[in-house]
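Visitor: start-v7.csv (CSV, C-alpha atoms) pasted underneath:
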```
chain,number,residue,atom,x,y,z
A,1,MET,CA,149.7,143.9,168.8
A,2,VAL,CA,150.9,140.4,168.3
A,3,ALA,CA,147.6,139.3,166.7
A,4,GLU,CA,147.8,142.3,164.4
A,5,ALA,CA,151.4,141.6,163.4
A,6,ARG,CA,150.4,138.0,162.7
A,7,ALA,CA,147.5,139.1,160.6
A,8,ASP,CA,149.7,141.4,158.6
A,9,PHE,CA,152.3,138.7,158.1
A,10,LEU,CA,149.6,136.3,156.8
A,11,GLN,CA,148.2,138.9,154.5
A,12,LEU,CA,151.6,139.6,152.9
A,13,HIS,CA,152.4,135.9,152.8
A,14,ASP,CA,149.2,135.0,151.0
A,15,SER,CA,149.6,138.0,148.5
A,16,VAL,CA,153.1,137.0,147.5
A,17,LEU,CA,152.2,133.3,147.4
A,18,GLU,CA,149.3,134.0,145.0
A,19,ARG,CA,151.3,136.4,142.8
A,20,LEU,CA,154.5,134.3,142.6
A,21,GLY,CA,152.7,131.0,142.3
A,22,ARG,CA,150.5,132.2,139.5
A,23,SER,CA,153.5,133.7,137.6
A,24,ILE,CA,155.2,130.3,137.7
A,25,VAL,CA,152.2,128.3,136.7
A,26,ASP,CA,151.2,130.6,133.8
A,27,GLY,CA,154.8,130.6,132.5
A,28,GLY,CA,155.7,134.2,133.4
A,29,VAL,CA,158.6,132.7,135.3
A,30,PRO,CA,159.8,129.8,133.1
A,31,ALA,CA,161.1,126.5,134.4
A,32,GLY,CA,164.8,126.6,135.0
A,33,THR,CA,164.8,130.2,136.2
A,34,ARG,CA,166.9,130.8,139.3
A,35,ILE,CA,165.2,133.1,141.8
A,36,SER,CA,167.0,135.2,144.4
A,37,ALA,CA,165.2,135.5,147.8
A,38,ASP,CA,166.5,139.1,148.0
A,39,ASP,CA,165.1,139.9,144.6
A,40,VAL,CA,161.7,138.5,145.6
A,41,ALA,CA,161.7,140.5,148.8
A,42,THR,CA,162.6,143.7,146.9
A,43,ARG,CA,160.0,143.1,144.2
A,44,PHE,CA,157.1,142.5,146.5
A,45,GLU,CA,158.4,144.8,149.3
A,46,VAL,CA,158.3,142.2,152.0
A,47,SER,CA,160.7,140.7,154.5
A,48,ARG,CA,163.0,137.8,153.9
A,49,THR,CA,160.9,135.9,156.5
A,50,VAL,CA,157.8,136.2,154.3
A,51,VAL,CA,159.8,135.1,151.2
A,52,ARG,CA,161.2,132.1,153.1
A,53,GLU,CA,157.7,130.9,154.1
A,54,VAL,CA,156.3,131.5,150.6
A,55,VAL,CA,159.2,129.5,149.1
A,56,ARG,CA,158.6,126.7,151.5
A,57,VAL,CA,155.0,126.4,150.3
A,58,LEU,CA,155.9,126.6,146.7
A,59,GLU,CA,158.6,123.9,147.2
A,60,SER,CA,156.0,121.7,148.8
A,61,LEU,CA,153.8,122.1,145.7
A,62,GLY,CA,156.7,121.1,143.5
A,63,LEU,CA,156.9,124.5,141.8
A,64,LEU,CA,160.4,125.3,143.2
A,65,THR,CA,163.4,123.4,144.4
A,66,VAL,CA,165.9,124.8,146.9
A,67,ARG,CA,169.5,123.5,146.9
A,68,ARG,CA,172.6,124.6,148.7
A,69,ARG,CA,175.0,126.6,146.5
A,70,VAL,CA,172.4,126.6,143.7
A,71,GLY,CA,169.6,128.5,145.4
A,72,ILE,CA,166.0,128.6,144.3
A,73,THR,CA,165.1,127.1,140.9
A,74,VAL,CA,161.7,127.0,139.2
A,75,LEU,CA,160.7,123.4,138.3
A,76,ASP,CA,159.0,122.1,135.2
A,77,SER,CA,155.3,121.3,135.4
A,78,VAL,CA,156.0,117.5,135.5
A,79,HIS,CA,157.1,118.1,139.1
A,80,TRP,CA,154.0,120.1,140.2
A,81,ASN,CA,151.5,118.7,142.7
A,82,SER,CA,148.7,118.9,140.1
A,83,LEU,CA,146.1,117.7,142.6
A,84,ASP,CA,146.6,120.5,145.0
A,85,PRO,CA,143.7,123.0,145.0
A,86,LEU,CA,146.1,126.0,144.8
A,87,VAL,CA,147.9,124.7,141.7
A,88,ILE,CA,144.5,124.0,140.1
A,89,ARG,CA,143.3,127.5,140.9
A,90,TRP,CA,146.4,129.0,139.4
A,91,GLN,CA,146.1,126.9,136.3
A,92,LEU,CA,142.5,127.8,135.8
A,93,ALA,CA,143.5,131.5,136.0
A,94,GLY,CA,146.2,131.1,133.4
A,95,PRO,CA,146.3,131.0,129.6
A,96,ASN,CA,145.9,127.2,129.3
A,97,ARG,CA,142.5,127.3,131.1
A,98,ALA,CA,140.7,125.4,128.4
A,99,ARG,CA,143.2,122.5,128.4
A,100,GLN,CA,143.1,122.4,132.2
A,101,LEU,CA,139.3,122.2,132.2
A,102,VAL,CA,139.5,119.1,129.9
A,103,VAL,CA,142.0,117.5,132.3
A,104,LEU,CA,139.9,118.2,135.4
A,105,SER,CA,136.7,117.0,133.7
A,106,GLU,CA,138.4,113.7,132.8
A,107,LEU,CA,139.4,113.3,136.4
A,108,ARG,CA,135.8,114.1,137.6
A,109,SER,CA,134.3,111.7,135.2
A,110,GLY,CA,136.4,109.0,136.8
A,111,ILE,CA,135.7,109.8,140.5
A,112,GLU,CA,132.2,111.3,140.8
A,113,PRO,CA,130.1,108.7,139.0
A,114,LEU,CA,131.9,106.1,141.1
A,115,ALA,CA,131.2,108.1,144.2
A,116,ALA,CA,127.5,108.2,143.3
A,117,ARG,CA,127.4,104.5,142.7
A,118,LEU,CA,129.0,103.8,146.1
A,119,ALA,CA,126.8,106.4,147.9
A,120,ALA,CA,123.7,104.5,146.8
A,121,SER,CA,124.6,101.7,149.1
A,122,ARG,CA,126.5,103.6,151.8
A,123,ALA,CA,125.0,107.1,152.3
A,124,THR,CA,123.5,107.8,155.7
A,125,PRO,CA,120.0,109.2,156.1
A,126,GLU,CA,121.6,112.5,157.1
A,127,GLN,CA,123.7,112.6,153.9
A,128,CYS,CA,120.7,111.8,151.8
A,129,GLY,CA,119.0,114.8,153.4
A,130,GLN,CA,122.0,117.0,152.8
A,131,LEU,CA,122.0,116.0,149.1
A,132,THR,CA,118.3,116.9,148.8
A,133,ALA,CA,118.8,120.2,150.6
A,134,ALA,CA,121.6,121.1,148.3
A,135,VAL,CA,119.5,120.4,145.2
A,136,ILE,CA,116.7,122.6,146.7
A,137,GLY,CA,119.2,125.3,147.4
A,138,MET,CA,120.5,125.1,143.8
A,139,SER,CA,117.0,125.3,142.4
A,140,ALA,CA,116.1,128.3,144.6
A,141,THR,CA,119.2,130.2,143.4
A,142,SER,CA,119.2,129.0,139.8
A,143,ARG,CA,118.4,132.4,138.4
A,144,ALA,CA,121.7,133.6,139.7
A,145,ALA,CA,123.8,130.5,139.0
A,146,ASN,CA,127.0,132.6,138.7
A,147,SER,CA,126.6,133.8,142.3
A,148,ASP,CA,128.3,132.7,145.5
A,149,ALA,CA,125.0,131.4,146.9
A,150,TYR,CA,124.5,129.0,144.0
A,151,LEU,CA,128.1,127.9,144.2
A,152,SER,CA,127.7,127.2,147.9
A,153,HIS,CA,124.8,124.8,147.4
A,154,ASP,CA,126.5,123.2,144.4
A,155,SER,CA,129.7,122.7,146.4
A,156,ASP,CA,127.7,121.2,149.3
A,157,PHE,CA,126.1,118.7,147.0
A,158,HIS,CA,129.5,117.4,145.6
A,159,ARG,CA,131.2,117.4,148.9
A,160,THR,CA,128.4,115.4,150.5
A,161,LEU,CA,128.3,113.0,147.6
A,162,LEU,CA,132.0,112.2,147.8
A,163,ALA,CA,131.8,111.8,151.5
A,164,ALA,CA,128.7,109.6,151.2
A,165,SER,CA,130.7,107.2,149.0
A,166,GLY,CA,132.3,105.9,152.2
A,167,ASN,CA,135.7,105.9,150.5
A,168,PRO,CA,138.2,108.2,152.3
A,169,MET,CA,140.2,108.5,149.1
A,170,LEU,CA,137.2,109.8,147.1
A,171,ARG,CA,136.3,112.1,150.0
A,172,SER,CA,139.7,113.6,149.9
A,173,MET,CA,139.1,114.7,146.3
A,174,SER,CA,136.3,117.0,147.4
A,175,ASP,CA,138.5,120.1,147.6
A,176,ILE,CA,139.6,119.5,144.0
A,177,VAL,CA,136.1,119.2,142.7
A,178,VAL,CA,135.0,122.3,144.7
A,179,GLU,CA,138.0,124.3,143.3
A,180,VAL,CA,136.8,123.4,139.8
A,181,LEU,CA,133.3,124.6,140.6
A,182,ALA,CA,134.6,127.8,142.2
A,183,GLY,CA,136.9,128.3,139.1
A,184,ARG,CA,133.9,128.1,136.9
A,185,THR,CA,132.2,130.9,138.8
A,186,ARG,CA,135.4,132.9,139.3
A,187,HIS,CA,136.3,133.0,135.6
A,188,ALA,CA,132.8,133.7,134.3
A,189,LEU,CA,132.3,130.2,132.9
A,190,MET,CA,129.0,129.8,134.6
A,191,PRO,CA,125.8,131.0,133.0
A,192,HIS,CA,123.7,133.6,134.8
A,193,GLN,CA,120.8,131.2,134.8
A,194,ALA,CA,121.4,127.5,135.5
A,195,ASP,CA,120.5,124.8,133.0
A,196,PRO,CA,117.3,123.2,134.3
A,197,GLU,CA,118.5,119.9,133.0
A,198,ALA,CA,121.6,120.1,135.2
A,199,ILE,CA,119.5,120.8,138.3
A,200,ARG,CA,117.2,118.0,137.4
A,201,LEU,CA,120.1,115.6,137.1
A,202,HIS,CA,121.4,116.6,140.5
A,203,GLY,CA,117.9,115.8,141.8
A,204,VAL,CA,118.0,112.4,140.1
A,205,VAL,CA,121.3,111.6,141.8
A,206,ALA,CA,120.0,112.6,145.2
A,207,SER,CA,116.8,110.5,144.7
A,208,ALA,CA,118.7,107.5,143.3
A,209,VAL,CA,121.2,107.6,146.2
A,210,GLN,CA,118.3,107.7,148.7
A,211,ALA,CA,116.5,104.8,146.9
A,212,GLY,CA,119.7,102.7,146.8
A,213,ASP,CA,119.7,102.7,142.9
A,214,SER,CA,123.4,102.6,142.2
A,215,VAL,CA,123.0,102.3,138.4
A,216,ALA,CA,120.7,105.4,138.1
A,217,ALA,CA,122.9,107.4,140.5
A,218,GLU,CA,126.1,106.6,138.5
A,219,LYS,CA,124.5,107.3,135.2
A,220,ALA,CA,123.0,110.7,136.2
A,221,MET,CA,126.3,111.8,137.8
A,222,PHE,CA,128.2,111.0,134.6
A,223,GLU,CA,125.7,113.1,132.7
A,224,ILE,CA,126.3,116.0,135.1
A,225,VAL,CA,130.0,115.9,134.7
A,226,THR,CA,129.7,115.6,130.9
A,227,GLU,CA,127.3,118.6,130.7
A,228,SER,CA,129.6,120.7,132.9
A,229,ALA,CA,132.7,119.8,130.9
A,230,THR,CA,131.0,120.7,127.6
A,231,ALA,CA,129.5,124.0,128.9
A,232,MET,CA,132.8,125.1,130.5
A,233,THR,CA,134.9,124.2,127.5
A,234,ALA,CA,132.5,126.0,125.1
A,235,THR,CA,132.6,129.1,127.2
A,236,ALA,CA,136.3,129.1,127.8
A,237,THR,CA,137.0,128.9,124.1
A,238,ALA,CA,134.4,131.4,123.0
A,239,PRO,CA,135.5,134.7,121.5
A,240,THR,CA,136.2,137.4,124.1
A,241,GLY,CA,133.1,139.3,125.1
A,242,SER,CA,130.7,136.4,124.6
A,243,ASP,CA,128.0,136.2,127.2
A,244,PRO,CA,128.0,132.8,129.0
A,245,THR,CA,124.2,133.0,129.3
```
Here is a file; write its structure as structure tokens.
Guide:
Amino acid sequence: MVAEARADFLQLHDSVLERLGRSIVDGGVPAGTRISADDVATRFEVSRTVVREVVRVLESLGLLTVRRRVGITVLDSVHWNSLDPLVIRWQLAGPNRARQLVVLSELRSGIEPLAARLAASRATPEQCGQLTAAVIGMSATSRAANSDAYLSHDSDFHRTLLAASGNPMLRSMSDIVVEVLAGRTRHALMPHQADPEAIRLHGVVASAVQAGDSVAAEKAMFEIVTESATAMTATATAPTGSDPT
């Protein structure tokens, strides 16, 4: 019974967190708005305990502030923790998706080519094998590139590369990169069939890392990020109903 109650609580918590968080990020609840915990509990038909925990999470993300005698207030986007995967997910689900993709692509272009260059001198044999296995998996599922299977292999590649850099700060960025990849699939920004050139470039990065060629690894990784940014932006700004294939 205790386990079931806990599961129910977590389900309600996650549901309210997702809905309230997204409504703040997409502007449905504007900055400066004061929120009543009782109103939130009534709106979502949950207990005050659930609301309290949700508010605590949103406050940690910089979306809300809680002050005595003032209550709960929605904060402007300058206060948000823009590097948190949850905030990234909500922004990609919102009306400013195209702009957010540009911002995230700029971030990726700064960290992933660097990670590839460092990995060429620091990757372990096991990590080299994982990169190669991920490329093989991407190739095997390339005819369903908008599927969870392809996303899993693609995510494995980027997580491994960032870890192989040997830099803990770069490794900590892996959840951000994976959230961008997941968002591309989640919001139909990924073509049904993968671009053969994109897969080839992933293979070049894996081979260059294994060979210790930092210049080639960095160059190919930059091309991957650039191709991804161009493709996502084109799809995100295409007329409604356009086929991403």
Visitor: Using all atoms listed in the file, find each residue of region 193-220 of chain A with at least one atom at most 7 Å away from an atom of region 111-135 of chain A; report its shortest atom-to-atom pair and that distance in Å (one decimal), sort the rows by chain and rising residue number, and return the result as a tab-separated table.
Guide:
```
residue	atom	partner	partner_atom	distance
A:Ile199	CA	A:Val135	CA	6.9
A:His202	CA	A:Val135	CA	6.3
A:Gly203	CA	A:Val135	CA	5.9
A:Ala206	CA	A:Leu131	CA	5.5
A:Ala208	CA	A:Ala120	CA	6.8
A:Val209	CA	A:Ala120	CA	4.0
A:Gln210	CA	A:Cys128	CA	5.7
A:Gly212	CA	A:Ala120	CA	4.4
A:Asp213	CA	A:Ala120	CA	5.9
A:Ser214	CA	A:Arg117	CA	4.5
A:Val215	CA	A:Arg117	CA	6.5
A:Ala217	CA	A:Ala116	CA	5.4
A:Glu218	CA	A:Pro113	CA	4.5
A:Lys219	CA	A:Pro113	CA	6.9
```
Visitor: Can you tell me which residues surround Val225 (chain A) at a distance of at most 10 Å, considering only C-alpha atoms, apart from same-chain residues fewer than 2 positions away, and format the answer as a PDB file with C-alpha atoms, in the frame of the given file?
Guide:
```
ATOM      1  CA  SER A 105     136.700 117.000 133.700  1.00  0.00           C
ATOM      2  CA  GLU A 106     138.400 113.700 132.800  1.00  0.00           C
ATOM      3  CA  LEU A 107     139.400 113.300 136.400  1.00  0.00           C
ATOM      4  CA  ARG A 108     135.800 114.100 137.600  1.00  0.00           C
ATOM      5  CA  SER A 109     134.300 111.700 135.200  1.00  0.00           C
ATOM      6  CA  GLY A 110     136.400 109.000 136.800  1.00  0.00           C
ATOM      7  CA  GLU A 112     132.200 111.300 140.800  1.00  0.00           C
ATOM      8  CA  PRO A 113     130.100 108.700 139.000  1.00  0.00           C
ATOM      9  CA  ALA A 198     121.600 120.100 135.200  1.00  0.00           C
ATOM     10  CA  ALA A 220     123.000 110.700 136.200  1.00  0.00           C
ATOM     11  CA  MET A 221     126.300 111.800 137.800  1.00  0.00           C
ATOM     12  CA  PHE A 222     128.200 111.000 134.600  1.00  0.00           C
ATOM     13  CA  GLU A 223     125.700 113.100 132.700  1.00  0.00           C
ATOM     14  CA  GLU A 227     127.300 118.600 130.700  1.00  0.00           C
ATOM     15  CA  SER A 228     129.600 120.700 132.900  1.00  0.00           C
ATOM     16  CA  ALA A 229     132.700 119.800 130.900  1.00  0.00           C
ATOM     17  CA  THR A 230     131.000 120.700 127.600  1.00  0.00           C
ATOM     18  CA  ALA A 231     129.500 124.000 128.900  1.00  0.00           C
TER      19      ALA A 231
END
```
Visitor: Find the residue from A:Val177, A:Arg52, A:Val70, A:Arg143 that sits nearest to Arg159 (chain A); use only C-alpha atoms when measuring.
Guide: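 Comparing A:Val177, A:Arg52, A:Val70, A:Arg143 against Arg159 (chain A), the winner is A:Val177.
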Visitor: Could you tell me how far CA of Val50 (chain A) sits from CA of Ala37 (chain A), in Å to one decimal place?
Guide: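 One can read the CA of Ala37 (chain A) to CA of Val50 (chain A) distance as 9.9 Å.
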Visitor: Hey, can you check how far CA of Ile35 (chain A) sits from CA of Arg6 (chain A)?
Guide: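 For CA of Ile35 (chain A) relative to CA of Arg6 (chain A), the distance reads 26.1 Å.
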Visitor: Give me the residues near region 149-156 of chain A as JSON, numbers by chain, where near means some atom within 6 Å (using only C-alpha atoms) and where sequence neighbours in that chain fewer than 3 positions away do not count.
Guide: {"A": [134, 137, 138, 141, 145, 159, 160, 178]}
Visitor: Go through A:Thr33, A:Ser147, A:Gln11, A:Ser174 one by one, measure the shortest atom-to-atom distance of each to Thr73 (chain A) using all atoms listed in the file, and give the residue with the smallest value.
Guide: A:Thr33
Visitor: Work out how far apart CA of Gly71 (chain A) and CA of Phe44 (chain A) are and give it in Å to one decimal.
Guide: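 Separation between CA of Gly71 (chain A) and CA of Phe44 (chain A): 18.8 Å.
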Visitor: Using all atoms listed in the file, find the one residue out of A:Leu61, A:Leu86, A:Leu162, A:Val74 that sits nearest to Glu18 (chain A).
Guide: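 Going through A:Leu61, A:Leu86, A:Leu162, A:Val74 one by one, the smallest distance to Glu18 (chain A) is for A:Leu86.
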Visitor: Using all atoms listed in the file, can you tell me which of A:Ser47, A:Val103, A:Ala144, A:Val25 comes closest to Asp8 (chain A)?
Guide: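 Checking each candidate against Asp8 (chain A), we get A:Ser47 as the closest.
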Visitor: For each of A:Ala98, A:Ala93, A:Val46, A:Leu63, take the minimum atom-to-atom distance to Leu12 (chain A), counting all atoms listed in the file, then give the residue where this is smallest.
Guide: A:Val46
Visitor: Of the residues A:Leu201, A:Val180, A:Met169, A:Leu58, which is the one nearest to Ile88 (chain A), using all atoms listed in the file?
Guide: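 Selected residue with least distance to Ile88 (chain A): A:Val180.
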Visitor: As a PDB file, keeping the file's coordinate frame, could you write out region 150-161 of chain A once it has been completed with all heavy atoms?
Guide:
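The result, stored in part13.pdb:
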```
ATOM      1  N   TYR A 150     124.647 130.185 144.823  1.00  0.00           N
ATOM      2  CA  TYR A 150     124.500 129.000 144.000  1.00  0.00           C
ATOM      3  C   TYR A 150     125.692 128.066 144.170  1.00  0.00           C
ATOM      4  O   TYR A 150     125.576 126.845 144.352  1.00  0.00           O
ATOM      5  CB  TYR A 150     124.214 129.305 142.574  1.00  0.00           C
ATOM      6  CG  TYR A 150     123.943 128.095 141.695  1.00  0.00           C
ATOM      7  CD1 TYR A 150     122.636 127.640 141.492  1.00  0.00           C
ATOM      8  CD2 TYR A 150     124.988 127.399 141.089  1.00  0.00           C
ATOM      9  CE1 TYR A 150     122.390 126.524 140.714  1.00  0.00           C
ATOM     10  CE2 TYR A 150     124.746 126.284 140.312  1.00  0.00           C
ATOM     11  CZ  TYR A 150     123.452 125.852 140.112  1.00  0.00           C
ATOM     12  OH  TYR A 150     123.207 124.737 139.341  1.00  0.00           O
ATOM     13  N   LEU A 151     126.862 128.667 144.099  1.00  0.00           N
ATOM     14  CA  LEU A 151     128.100 127.900 144.200  1.00  0.00           C
ATOM     15  C   LEU A 151     128.170 127.173 145.555  1.00  0.00           C
ATOM     16  O   LEU A 151     128.622 126.021 145.615  1.00  0.00           O
ATOM     17  CB  LEU A 151     129.307 128.864 144.101  1.00  0.00           C
ATOM     18  CG  LEU A 151     130.685 128.260 144.366  1.00  0.00           C
ATOM     19  CD1 LEU A 151     130.999 127.157 143.377  1.00  0.00           C
ATOM     20  CD2 LEU A 151     131.755 129.354 144.302  1.00  0.00           C
ATOM     21  N   SER A 152     127.716 127.807 146.610  1.00  0.00           N
ATOM     22  CA  SER A 152     127.700 127.200 147.900  1.00  0.00           C
ATOM     23  C   SER A 152     126.889 125.924 147.962  1.00  0.00           C
ATOM     24  O   SER A 152     127.315 124.878 148.481  1.00  0.00           O
ATOM     25  CB  SER A 152     127.233 128.187 148.977  1.00  0.00           C
ATOM     26  OG  SER A 152     127.178 127.589 150.257  1.00  0.00           O
ATOM     27  N   HIS A 153     125.679 125.997 147.391  1.00  0.00           N
ATOM     28  CA  HIS A 153     124.800 124.800 147.400  1.00  0.00           C
ATOM     29  C   HIS A 153     125.371 123.724 146.466  1.00  0.00           C
ATOM     30  O   HIS A 153     125.337 122.537 146.815  1.00  0.00           O
ATOM     31  CB  HIS A 153     123.405 125.221 146.875  1.00  0.00           C
ATOM     32  CG  HIS A 153     122.678 126.163 147.785  1.00  0.00           C
ATOM     33  ND1 HIS A 153     122.426 125.871 149.109  1.00  0.00           N
ATOM     34  CD2 HIS A 153     122.158 127.404 147.564  1.00  0.00           C
ATOM     35  CE1 HIS A 153     121.774 126.877 149.672  1.00  0.00           C
ATOM     36  NE2 HIS A 153     121.605 127.816 148.755  1.00  0.00           N
ATOM     37  N   ASP A 154     125.895 124.127 145.322  1.00  0.00           N
ATOM     38  CA  ASP A 154     126.500 123.200 144.400  1.00  0.00           C
ATOM     39  C   ASP A 154     127.684 122.468 145.046  1.00  0.00           C
ATOM     40  O   ASP A 154     127.847 121.242 144.950  1.00  0.00           O
ATOM     41  CB  ASP A 154     126.936 123.910 143.121  1.00  0.00           C
ATOM     42  CG  ASP A 154     127.183 122.973 141.942  1.00  0.00           C
ATOM     43  OD1 ASP A 154     126.838 121.777 142.030  1.00  0.00           O
ATOM     44  OD2 ASP A 154     127.705 123.450 140.922  1.00  0.00           O
ATOM     45  N   SER A 155     128.514 123.238 145.732  1.00  0.00           N
ATOM     46  CA  SER A 155     129.700 122.700 146.400  1.00  0.00           C
ATOM     47  C   SER A 155     129.247 121.710 147.522  1.00  0.00           C
ATOM     48  O   SER A 155     129.851 120.641 147.700  1.00  0.00           O
ATOM     49  CB  SER A 155     130.533 123.797 147.018  1.00  0.00           C
ATOM     50  OG  SER A 155     131.034 124.645 146.011  1.00  0.00           O
ATOM     51  N   ASP A 156     128.200 122.079 148.263  1.00  0.00           N
ATOM     52  CA  ASP A 156     127.700 121.200 149.300  1.00  0.00           C
ATOM     53  C   ASP A 156     127.254 119.856 148.746  1.00  0.00           C
ATOM     54  O   ASP A 156     127.501 118.804 149.344  1.00  0.00           O
ATOM     55  CB  ASP A 156     126.502 121.855 150.034  1.00  0.00           C
ATOM     56  CG  ASP A 156     126.912 122.983 150.960  1.00  0.00           C
ATOM     57  OD1 ASP A 156     128.119 123.093 151.274  1.00  0.00           O
ATOM     58  OD2 ASP A 156     126.028 123.765 151.373  1.00  0.00           O
ATOM     59  N   PHE A 157     126.614 119.899 147.582  1.00  0.00           N
ATOM     60  CA  PHE A 157     126.100 118.700 147.000  1.00  0.00           C
ATOM     61  C   PHE A 157     127.321 117.739 146.649  1.00  0.00           C
ATOM     62  O   PHE A 157     127.314 116.553 146.999  1.00  0.00           O
ATOM     63  CB  PHE A 157     125.395 118.994 145.658  1.00  0.00           C
ATOM     64  CG  PHE A 157     124.886 117.778 144.926  1.00  0.00           C
ATOM     65  CD1 PHE A 157     123.609 117.293 145.166  1.00  0.00           C
ATOM     66  CD2 PHE A 157     125.687 117.101 144.012  1.00  0.00           C
ATOM     67  CE1 PHE A 157     123.137 116.149 144.516  1.00  0.00           C
ATOM     68  CE2 PHE A 157     125.241 115.963 143.353  1.00  0.00           C
ATOM     69  CZ  PHE A 157     123.957 115.494 143.601  1.00  0.00           C
ATOM     70  N   HIS A 158     128.338 118.280 145.998  1.00  0.00           N
ATOM     71  CA  HIS A 158     129.500 117.400 145.600  1.00  0.00           C
ATOM     72  C   HIS A 158     130.312 116.976 146.745  1.00  0.00           C
ATOM     73  O   HIS A 158     130.796 115.832 146.751  1.00  0.00           O
ATOM     74  CB  HIS A 158     130.284 118.182 144.522  1.00  0.00           C
ATOM     75  CG  HIS A 158     129.541 118.370 143.231  1.00  0.00           C
ATOM     76  ND1 HIS A 158     129.529 117.426 142.244  1.00  0.00           N
ATOM     77  CD2 HIS A 158     128.751 119.385 142.802  1.00  0.00           C
ATOM     78  CE1 HIS A 158     128.772 117.853 141.235  1.00  0.00           C
ATOM     79  NE2 HIS A 158     128.297 119.041 141.559  1.00  0.00           N
ATOM     80  N   ARG A 159     130.494 117.837 147.740  1.00  0.00           N
ATOM     81  CA  ARG A 159     131.200 117.400 148.900  1.00  0.00           C
ATOM     82  C   ARG A 159     130.489 116.268 149.643  1.00  0.00           C
ATOM     83  O   ARG A 159     131.098 115.269 150.054  1.00  0.00           O
ATOM     84  CB  ARG A 159     131.369 118.582 149.922  1.00  0.00           C
ATOM     85  CG  ARG A 159     132.455 119.580 149.579  1.00  0.00           C
ATOM     86  CD  ARG A 159     132.691 120.517 150.755  1.00  0.00           C
ATOM     87  NE  ARG A 159     133.619 121.581 150.435  1.00  0.00           N
ATOM     88  CZ  ARG A 159     134.945 121.451 150.426  1.00  0.00           C
ATOM     89  NH1 ARG A 159     135.470 120.269 150.726  1.00  0.00           N
ATOM     90  NH2 ARG A 159     135.720 122.465 150.140  1.00  0.00           N
ATOM     91  N   THR A 160     129.188 116.434 149.772  1.00  0.00           N
ATOM     92  CA  THR A 160     128.400 115.400 150.500  1.00  0.00           C
ATOM     93  C   THR A 160     128.411 114.107 149.693  1.00  0.00           C
ATOM     94  O   THR A 160     128.533 113.026 150.284  1.00  0.00           O
ATOM     95  CB  THR A 160     126.935 115.895 150.621  1.00  0.00           C
ATOM     96  OG1 THR A 160     126.911 117.112 151.369  1.00  0.00           O
ATOM     97  CG2 THR A 160     126.095 114.852 151.345  1.00  0.00           C
ATOM     98  N   LEU A 161     128.287 114.171 148.380  1.00  0.00           N
ATOM     99  CA  LEU A 161     128.300 113.000 147.600  1.00  0.00           C
ATOM    100  C   LEU A 161     129.592 112.189 147.716  1.00  0.00           C
ATOM    101  O   LEU A 161     129.595 110.963 147.900  1.00  0.00           O
ATOM    102  CB  LEU A 161     128.053 113.307 146.095  1.00  0.00           C
ATOM    103  CG  LEU A 161     127.983 112.099 145.155  1.00  0.00           C
ATOM    104  CD1 LEU A 161     126.686 111.318 145.394  1.00  0.00           C
ATOM    105  CD2 LEU A 161     128.070 112.532 143.699  1.00  0.00           C
TER     106      LEU A 161
END
```
